[in-house]
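Here is the structure we will look at, set down as structure tokens.
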Amino acid sequence: MSSYNTLIAVLGWEDRFYEGIASDLNDYKFNSLLLIRYTECNDLTKPSREKVEALCIEKGVEVQYLDISDNATVAKWKRLSQYFSSNENLGVSVLLEISTMPRDTIWTLLSFLKEFEIKVDYVYHTPEEYNEQWLSREPGKPRLLFKHSGISRLGKQTALIILTGFEIERTKQLVHFFEPKTTLLGLQTGSQFNNDKRNVEIHESIKGYTLTEEFQIDAYLEDNGCEQIRGEVERLVEDYNIIITSLGPKPTAVSIYKVFQDYPQIALAYVPAKEFNPEYSKGIDKKIFGTFK
Amino acid sequence: MDRQHRNPFEFEAANNLSDAEILDYYIDDHNYGRFINTSRNVFLQGARGTGKTMALLYNSFKIQYKKAKADNTEVDFTRIGIYIPCNTPLFHKKEHLLFEDDFKASLLTEHYLVLSMVNAIATALSGIDELSQLGDELDNQLKEQMEYILNIQLLEGKKFFEALSLYSQREIVETQEAVNNQKGDDLYQNTLTFSSFVMPFLNCIRRIEILNDTHFLLLIDDAHDLNKHQKQTINSWIAYRDHSQFSFKVATAETNPNFQTSTGGMILEGHDFVSVDMLKPYQNKESEFWKLANRIVSTRLEKYGINKSAEEFFPANPSFEADLEKAREKVKADAIKKYNGGKGTQIRDHVAKYTRAEYFRSRPPQANTPPYSGFQTIVDVSTGVIRNLLDPCYHMYDAELSNEAGAKSPDMIPYNVQQDILLTRGNKLWERLERLDKSDADCSEEQANHVFHLFENIMVLFKARLMSDISEPRAVTFVISEPTDELMSALNPLLELAEKAQLLYTRSGGKHKHTGKKVTVYVPNRILLLKYGLDPHGQYASVYLKARDLYSAAFSNQKIPFTAGTEDTTQASLFDGQ
Amino acid sequence: MEELLIRDFGEAPGKKYFTQYSSARDVLIQDNFFSQITGAQPSLSDHGIPHIRNVLENVGKLLGDEIDQVSGMTLYCLGLVVLFHDVGNVFGREFHNKHIAEVYNHVRKKEAYYNQERSVVIAAAEAHCGRNREGGRDTLKFLDEVDNLFGEPIPLRNVAAILRFADELAEGPQRTSQFMREIGAIAEESTIHHDYASVTQMFIDRKGGRVSITYNIDIDENTTKESLNELLKHIHIRIVKVDEERRYNKHYCDLLAPFKKTTVKFNFYIDGMPAEFDLDKIEITDRFPIPGETTGGVEQLLSKNNEISIDELWTRIDKVLTKKIAENGQTA
């Protein structure tokens, strides 16, 4: 059984949060669990927090909390920066549980963790199903992540790479906000979760607003689509200022970060949301494991 | 891409168009263009798609130079427009927020703005034949002057403008690399300001003979994407006393831009700058939107080799025309009876006023939605916004292209296709309206519900009015009457959300003849009217809606009271003083 | 005002002082007093409630954030001075600033408690225009720099300077009536003041260090050079007056020090549209000498201080020397 010093996760309320942690604690050995807790979700996450705490007591895993809020992005960044300024509390190996981790948090953690001489792996659990009605509401304006906003060249036009997901409105919002010359839609292969239908709707929603190209990406390949993303970035990076975002399966967020490390001139973007559906997803299905470094 | 198979009604952001397309597509409406080409500071205010970028780009020197060459006319060097876009990843960076010290944030962000500006000027001028061939002596002198002022080394072997453009490119990259990697509160050491870079640069290039008397128009686009420090910096430059060398034309989508300067002072409309409302469709009588729309569409058709007028390409449903004629005859007969034969223009005015209302009223209850079609209808539903005009045209063309076997370019859009698209686009907007919190930034679920109820009840009222025998049945705009601070503080956020989402537009309705106060006319996006079978053509009158009724409609989903026979409209003028 | 009075004196006394102010205000309003000014002088551009409100707003804008540095009692005094400064107009425009006492006595019912207040308020209000006791226009010169009210020090000259400047800047369309102008109900000699008010917009920009005047003038095919000239001449005079008031009042009141310039912009409109010619903004800054650059400074000094010119001095010196020589001669 593999062991890590620390398991890092964002406290969630979906089934796959608790089930995922339980599965991780079953599959690997940990000294401690660091739970990043978004304080605005405290009410929603209380039941699963109690269950996880009980489980950790049973498994002899120490639980630590790191409280942050998405309402103050500067304070959030500084808090995380301060906490991860040394790897004293992390040990030499870390497993990121990214199933319920916002993509910008994934990138932020990777940016701090990469500075240390430690092993970083990640695990992702897919749900059995997603809510058909809605997933998130009250979006904020799209943002570029601090210190990952790329190196913009004067006079170049913008290319927007979107690894698409379920929320068509986010794709449209990103296109309307950044007004790119060209938009590359990374469409998840396969027909799971009504992918085919959704991909058509996405394309329709931005027709006329931007030149659009598509490419296929498979987040469930061994490299989680990293080489597919890299190929598109390589193709465009000389002629465009690239903004890239992931709205699809979370492992692609890790892939994006890997590509970013080789191309720091690209900008990582995300769309925050104020409200998430308590019935975001149901159940837990496949597990995907990957190595970051 | 084969132009024949591209859509002639592409409405992508104007700064993604080629120079040739800008020259082809731009239509001078004899309106704000003349403000751009003056030494005044100008704020161009208007929502997305109202033509701000197009206006700035057209007036940029790059385009004007090409136009002069193409027309074989003399290039005018006395006015040089430099286009400076702000909707770029550079201006979306937020690292400055990490500084504890606000002043450092303002220094860094001014540095970005200044480098963008100088790069834009240098790049624009380096592409000009007359300037790329400066004598070596002058070229060296200019380089030496800037090197001395900035304490830098410009690239050898490159001409002055190109060298300066490369310098600004290098500087912007180095700054970003430093900022992205810096820890703590360290500020990049070599920040430049408007005074330390732009002004010496402009002074320096005046040594070139053809630029001796040049006035630079600094065309700043999408200024709403700038952060607060950058906006204040620009305001401070606008407040600067000497505008002989340069002036600013600032395009913004903000309805209430902040006019504060870096020192906390204010710049004043009418004093420090002129404000141009891009949505005011009747800024002068020659620029009626219909004429502008006609020219825009006709030009596009012509460029695509389609030899039809806008009305021929988008014909109206003949049954609509026939039924309208029947309504006209009936109204005329009624008018002759009512006015006993009538005097002067009485009959004609009555017919003009009530024909369309009679048409809509007399449709059988079980009939489908009216056959919305024809170029006039497309112009009406655009609500005076160019992008709203092109959007349905684009989708109609696309739909017809898909219908045509062998992908032949359509030479006409059948009226049934027009109707389908108009209704579909309208329904899509209603879907968005229903769940504004899902798609639009900073709108809560509660607010989304309130906005939806507000619009729904307004449409129901407009429908009731249309079906009633009243004096202005087709009015589809409104003015808020009896406002109180309490009611408006609840309503304003909803109205602002609707405006931001382009569900609602506002126009200045001139001055109230009794109070002298400015009247704001609220104009719902006319494509929303189609779902309710309303007449998008509207009428030159606005309905008075009481603030408390609007409040109840929004917050309690109550119907807005309407009694036929009550005088509830105003001829809120679109010209001050009329 | 109420907040600062409470800050300085505590809840109860602070509220009491504020009630003293508001009761005076209410008497004037309820008595329809301000409307009588317009009635007595229908051709005057507005001196009624809107004007008073405008002057009070201007006081706030002139002081800006620094209002917190002003004592509550000073603001109390300022408020009263604003209320009363034009009340004398009910007796006629000429010397209106000298008839304040009569109205004041009516409002305060000659209660002895208010004697000092009356003295202070009248002194400051009288100085907002007119002439001083020597017949000159420097009305602030003879005001005490500091006076007192209910035992608290009042920077009286500051108060008068602020009122004077706020009053000067209370100009604009709100002071006139479009309707009265259209029906010709304004006396001919007053028309120019109403015309001026209708085209003027004032803006007080403390943080920007300026007072801005914008003139929005409509012209049409009926406009003649003569009619425009009449208006322009008046505008020119008023521009100079505003700037003079700015420098004059700033000299006496440090709180007005930030106002370093007056900016002026002319906008001409034809059929509601801006006319197609550009006029630059005019900027009048403080006149200060730049060492070494200014010429004629000595001549200017001597023209105002003739007694230190060589001729005048020598006349006096020669006189005393001659007398001394004569005395020495006698001794010898």
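In the structure tokens, the first chain shown is A, the next is B, and so on; residue numbers restart at 1 for each chain, and ligands run from 1 in the order shown.
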Set the distance at 10 Å and use only C-alpha atoms: which residues neighbour range 192-202 of chain B once local chain neighbours fewer than 5 positions away are removed? I'd like the list as a VMD selection string.
chain B and resid 107 to 115 117 to 118 121 to 122 142 145 to 146 149 to 150 164 207 211 214 to 216 233 to 234 237 245 to 246
Pull out every residue of chain B that has at least one atom within 8 Å of chain A, counting only C-alpha atoms, and report them as JSON, numbers by chain.
{"B": [10, 11, 12, 13, 16, 87, 88, 89, 90, 92, 93, 94, 95, 97, 98, 116, 119, 120, 169, 172, 173, 176, 177, 179, 180, 181, 391, 394, 437, 438, 439, 440, 441, 442, 443, 444, 445]}
Taking only range 128-223 of chain A into account, list the residues labelled helix (DSSP H, G or I) by DSSP (computed from the backbone), as an NGL selection string.
:A and (168-178 or 192-205)
Residues at most 9 Å from Asn199 in chain A, counting only C-alpha atoms, excluding those fewer than 4 positions away in the same chain, as a PyMOL selection string?
chain A and resi 164-166+168+187-188+194-195+203-204
Just to be explicit: take each residue in the selection above, keep C-alpha atoms, and write the result as a short mmCIF file (atom, residue, chain, number, x, y, z; two decimals), in the first residue's frame.
```cif
data_model
loop_
_atom_site.label_atom_id
_atom_site.label_comp_id
_atom_site.auth_asym_id
_atom_site.auth_seq_id
_atom_site.Cartn_x
_atom_site.Cartn_y
_atom_site.Cartn_z
CA THR A 164 -15.62 22.52 -22.36
CA GLY A 165 -17.92 21.12 -19.71
CA PHE A 166 -21.57 20.94 -18.86
CA ILE A 168 -22.82 26.09 -21.74
CA LEU A 187 -14.55 18.72 -26.63
CA GLN A 188 -14.52 15.73 -24.35
CA ASN A 194 -24.89 13.50 -22.85
CA ASN A 195 -21.62 14.85 -24.18
CA HIS A 203 -20.89 25.47 -30.50
CA GLU A 204 -24.26 27.03 -31.30
#
```
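Omitting Asn7 in chain B and its sequence neighbours fewer than 4 positions away, and counting only C-alpha atoms, the residues within 12 Å are Lys207, Gly208 and Leu211 of chain A; Met1, Asp2, Arg3, Phe11, Glu12, Arg300, Leu301, Lys303, Tyr304, Ile306, Leu390, Asp391, Pro392, Cys393, Tyr394, His395, Met396, Tyr397, Asp398, Ala399, Glu400, Leu401, Ser402, Ser409 and Pro410 of chain B.
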Chain B near chain C within 6 Å: what's each residue's closest atom pair and its distance in Å to one decimal, counting only C-alpha atoms, ordered by chain then ascending residue number, as JSON lines?
```
{"residue": "B:Gly264", "atom": "CA", "partner": "C:Lys207", "partner_atom": "CA", "distance": 5.3}
{"residue": "B:Gly265", "atom": "CA", "partner": "C:Gly208", "partner_atom": "CA", "distance": 3.9}
{"residue": "B:His271", "atom": "CA", "partner": "C:Lys265", "partner_atom": "CA", "distance": 5.5}
```
Excluding range 255-259 of chain A and any residue of its chain fewer than 6 positions from it, enumerate the residues within 10 Å of it, using only C-alpha atoms, and give them as a ChimeraX atom specification.
/A:106-108,110-111,148,163,219,223-231,233-234,244-246,266,268,290,292-293
Generate a file of the selected residues that holds N, CA and C atoms, formatted as a PDB file, in the first residue's frame.
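The resulting file, result.pdb, is reproduced below:
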```
ATOM      1  N   ILE A 106      -6.879  24.070  -7.504  1.00  0.00           N
ATOM      2  CA  ILE A 106      -5.924  23.053  -7.996  1.00  0.00           C
ATOM      3  C   ILE A 106      -4.658  23.748  -8.481  1.00  0.00           C
ATOM      4  N   TRP A 107      -4.843  24.753  -9.308  1.00  0.00           N
ATOM      5  CA  TRP A 107      -3.679  25.440  -9.871  1.00  0.00           C
ATOM      6  C   TRP A 107      -2.864  26.146  -8.785  1.00  0.00           C
ATOM      7  N   THR A 108      -3.569  26.768  -7.858  1.00  0.00           N
ATOM      8  CA  THR A 108      -2.867  27.479  -6.787  1.00  0.00           C
ATOM      9  C   THR A 108      -2.027  26.521  -5.963  1.00  0.00           C
ATOM     10  N   LEU A 110      -0.872  23.583  -6.835  1.00  0.00           N
ATOM     11  CA  LEU A 110       0.246  23.075  -7.645  1.00  0.00           C
ATOM     12  C   LEU A 110       1.368  24.115  -7.725  1.00  0.00           C
ATOM     13  N   SER A 111       0.973  25.394  -7.816  1.00  0.00           N
ATOM     14  CA  SER A 111       2.002  26.439  -7.939  1.00  0.00           C
ATOM     15  C   SER A 111       2.860  26.512  -6.682  1.00  0.00           C
ATOM     16  N   HIS A 148      -0.318  33.721 -12.603  1.00  0.00           N
ATOM     17  CA  HIS A 148      -0.455  32.781 -13.722  1.00  0.00           C
ATOM     18  C   HIS A 148      -1.217  33.440 -14.854  1.00  0.00           C
ATOM     19  N   LEU A 163     -11.555  24.051 -22.466  1.00  0.00           N
ATOM     20  CA  LEU A 163     -11.870  22.621 -22.371  1.00  0.00           C
ATOM     21  C   LEU A 163     -13.286  22.582 -21.822  1.00  0.00           C
ATOM     22  N   ALA A 219     -10.006  13.310 -21.270  1.00  0.00           N
ATOM     23  CA  ALA A 219      -9.478  13.533 -19.919  1.00  0.00           C
ATOM     24  C   ALA A 219      -9.156  12.228 -19.213  1.00  0.00           C
ATOM     25  N   ASP A 223      -2.508  10.369 -19.626  1.00  0.00           N
ATOM     26  CA  ASP A 223      -1.941  11.696 -19.363  1.00  0.00           C
ATOM     27  C   ASP A 223      -3.032  12.754 -19.195  1.00  0.00           C
ATOM     28  N   ASN A 224      -4.270  12.310 -19.113  1.00  0.00           N
ATOM     29  CA  ASN A 224      -5.413  13.213 -18.924  1.00  0.00           C
ATOM     30  C   ASN A 224      -5.469  14.319 -19.967  1.00  0.00           C
ATOM     31  N   GLY A 225      -5.100  13.959 -21.197  1.00  0.00           N
ATOM     32  CA  GLY A 225      -5.229  14.915 -22.293  1.00  0.00           C
ATOM     33  C   GLY A 225      -4.113  15.934 -22.373  1.00  0.00           C
ATOM     34  N   CYS A 226      -3.053  15.756 -21.597  1.00  0.00           N
ATOM     35  CA  CYS A 226      -1.984  16.766 -21.529  1.00  0.00           C
ATOM     36  C   CYS A 226      -1.354  17.000 -22.901  1.00  0.00           C
ATOM     37  N   GLU A 227      -1.014  15.942 -23.595  1.00  0.00           N
ATOM     38  CA  GLU A 227      -0.340  16.105 -24.887  1.00  0.00           C
ATOM     39  C   GLU A 227      -1.276  16.723 -25.920  1.00  0.00           C
ATOM     40  N   GLN A 228      -2.542  16.439 -25.828  1.00  0.00           N
ATOM     41  CA  GLN A 228      -3.515  17.042 -26.761  1.00  0.00           C
ATOM     42  C   GLN A 228      -3.556  18.564 -26.535  1.00  0.00           C
ATOM     43  N   ILE A 229      -3.545  18.939 -25.279  1.00  0.00           N
ATOM     44  CA  ILE A 229      -3.563  20.371 -24.946  1.00  0.00           C
ATOM     45  C   ILE A 229      -2.257  21.013 -25.399  1.00  0.00           C
ATOM     46  N   ARG A 230      -1.172  20.343 -25.110  1.00  0.00           N
ATOM     47  CA  ARG A 230       0.136  20.905 -25.459  1.00  0.00           C
ATOM     48  C   ARG A 230       0.221  21.160 -26.962  1.00  0.00           C
ATOM     49  N   GLY A 231      -0.290  20.220 -27.734  1.00  0.00           N
ATOM     50  CA  GLY A 231      -0.273  20.354 -29.195  1.00  0.00           C
ATOM     51  C   GLY A 231      -0.973  21.621 -29.651  1.00  0.00           C
ATOM     52  N   VAL A 233      -1.601  24.336 -27.847  1.00  0.00           N
ATOM     53  CA  VAL A 233      -0.867  25.516 -27.360  1.00  0.00           C
ATOM     54  C   VAL A 233       0.351  25.792 -28.246  1.00  0.00           C
ATOM     55  N   GLU A 234       1.067  24.745 -28.569  1.00  0.00           N
ATOM     56  CA  GLU A 234       2.265  24.901 -29.419  1.00  0.00           C
ATOM     57  C   GLU A 234       1.913  25.527 -30.751  1.00  0.00           C
ATOM     58  N   ILE A 244      -6.307  30.125 -21.334  1.00  0.00           N
ATOM     59  CA  ILE A 244      -6.795  28.751 -21.327  1.00  0.00           C
ATOM     60  C   ILE A 244      -7.587  28.490 -20.054  1.00  0.00           C
ATOM     61  N   THR A 245      -8.650  27.713 -20.204  1.00  0.00           N
ATOM     62  CA  THR A 245      -9.443  27.385 -19.028  1.00  0.00           C
ATOM     63  C   THR A 245     -10.022  25.985 -19.164  1.00  0.00           C
ATOM     64  N   SER A 246     -10.326  25.389 -18.012  1.00  0.00           N
ATOM     65  CA  SER A 246     -10.922  24.059 -18.025  1.00  0.00           C
ATOM     66  C   SER A 246     -12.301  24.130 -17.397  1.00  0.00           C
ATOM     67  N   ILE A 266       1.268  31.505 -21.272  1.00  0.00           N
ATOM     68  CA  ILE A 266      -0.184  31.362 -21.387  1.00  0.00           C
ATOM     69  C   ILE A 266      -0.833  31.769 -20.072  1.00  0.00           C
ATOM     70  N   LEU A 268      -3.901  31.447 -17.257  1.00  0.00           N
ATOM     71  CA  LEU A 268      -4.895  30.501 -16.734  1.00  0.00           C
ATOM     72  C   LEU A 268      -6.103  31.286 -16.238  1.00  0.00           C
ATOM     73  N   GLY A 290      -3.105  10.140 -11.035  1.00  0.00           N
ATOM     74  CA  GLY A 290      -2.061  10.722 -11.864  1.00  0.00           C
ATOM     75  C   GLY A 290      -0.913  11.244 -11.028  1.00  0.00           C
ATOM     76  N   PHE A 292       1.836  14.312 -10.633  1.00  0.00           N
ATOM     77  CA  PHE A 292       2.186  15.668 -11.072  1.00  0.00           C
ATOM     78  C   PHE A 292       3.700  15.828 -11.105  1.00  0.00           C
ATOM     79  N   LYS A 293       4.349  15.456  -9.995  1.00  0.00           N
ATOM     80  CA  LYS A 293       5.810  15.471 -10.000  1.00  0.00           C
ATOM     81  C   LYS A 293       6.356  14.487  -8.990  1.00  0.00           C
TER      82      LYS A 293
END
```
Non-local contacts of range 247-249 of chain B (9 Å; only C-alpha atoms; under 4 positions in same chain excluded) as a PyMOL selection string:
chain B and resi 35-36+38-44+56+215-221+234+237-238+243+273
Output file for the selection above: C-alpha atoms, as an mmCIF file, in the first residue's frame:
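again-v9.cif was written with the following content:
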```cif
data_model
loop_
_atom_site.group_PDB
_atom_site.id
_atom_site.type_symbol
_atom_site.label_atom_id
_atom_site.label_comp_id
_atom_site.auth_asym_id
_atom_site.auth_seq_id
_atom_site.Cartn_x
_atom_site.Cartn_y
_atom_site.Cartn_z
ATOM 1 C CA PHE B 35 -16.369 64.289 -32.412
ATOM 2 C CA ILE B 36 -13.631 61.717 -32.648
ATOM 3 C CA THR B 38 -11.568 66.930 -32.994
ATOM 4 C CA SER B 39 -9.177 68.007 -30.265
ATOM 5 C CA ARG B 40 -11.866 67.525 -27.634
ATOM 6 C CA ASN B 41 -11.724 64.720 -25.113
ATOM 7 C CA VAL B 42 -14.630 62.398 -25.787
ATOM 8 C CA PHE B 43 -16.288 59.571 -23.917
ATOM 9 C CA LEU B 44 -18.162 57.215 -26.216
ATOM 10 C CA LEU B 56 -12.525 54.188 -33.169
ATOM 11 C CA HIS B 215 -2.614 66.344 -32.911
ATOM 12 C CA PHE B 216 -2.725 62.762 -31.642
ATOM 13 C CA LEU B 217 -6.125 61.223 -31.005
ATOM 14 C CA LEU B 218 -5.551 58.537 -28.385
ATOM 15 C CA LEU B 219 -8.409 56.107 -29.037
ATOM 16 C CA ILE B 220 -8.840 54.005 -25.929
ATOM 17 C CA ASP B 221 -11.222 51.120 -26.459
ATOM 18 C CA ILE B 234 -6.750 58.430 -17.755
ATOM 19 C CA TRP B 237 -4.685 62.974 -18.211
ATOM 20 C CA ILE B 238 -8.012 64.228 -19.491
ATOM 21 C CA HIS B 243 -4.583 69.412 -25.167
ATOM 22 C CA PHE B 273 -14.852 66.164 -22.092
#
```
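Near Leu63 in chain C, within a cut-off of 9 Å and counting only C-alpha atoms, sit the residues C:Val70, C:Ile162, C:Arg206, C:Leu255, C:Leu256, with same-chain residues fewer than 6 positions away left out.
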Just-selected residues, N, CA and C atoms written as a PDB file, in the first residue's frame:
```
ATOM      1  N   VAL C  70     -13.472  71.358  10.952  1.00  0.00           N
ATOM      2  CA  VAL C  70     -14.138  72.597  11.388  1.00  0.00           C
ATOM      3  C   VAL C  70     -14.927  72.312  12.660  1.00  0.00           C
ATOM      4  N   ILE C 162     -15.900  82.090   3.386  1.00  0.00           N
ATOM      5  CA  ILE C 162     -16.560  80.898   2.826  1.00  0.00           C
ATOM      6  C   ILE C 162     -17.946  81.266   2.309  1.00  0.00           C
ATOM      7  N   ARG C 206     -12.794  70.503  -5.206  1.00  0.00           N
ATOM      8  CA  ARG C 206     -11.751  70.795  -4.216  1.00  0.00           C
ATOM      9  C   ARG C 206     -10.522  69.924  -4.431  1.00  0.00           C
ATOM     10  N   LEU C 255      -8.740  77.463   4.636  1.00  0.00           N
ATOM     11  CA  LEU C 255      -9.521  76.285   4.208  1.00  0.00           C
ATOM     12  C   LEU C 255      -9.800  76.316   2.705  1.00  0.00           C
ATOM     13  N   LEU C 256      -9.714  77.486   2.119  1.00  0.00           N
ATOM     14  CA  LEU C 256      -9.969  77.613   0.678  1.00  0.00           C
ATOM     15  C   LEU C 256      -8.674  77.539  -0.135  1.00  0.00           C
TER      16      LEU C 256
END
```
Would you list, as a PyMOL selection string, the residues of range 224-291 of chain B that end up in strand (DSSP E) under DSSP run on this structure's backbone?
chain B and resi 246-252+274-277
One decimal place gives the CA of Asn258 in chain B-CA of Ile82 in chain B separation as 23.3 Å
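Pairwise distance (CA of Ser69 in chain A, CA of Ser489 in chain B) equals 28.7 Å.
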For CA of Val254 in chain A and CA of Tyr4 in chain A, the interatomic separation in Å (one decimal):
19.1 Å
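Considering only C-alpha atoms, the residue among C:Phe259, C:His194, C:Ile270, C:Leu83 positioned nearest to Ile219 in chain C is C:Ile270.
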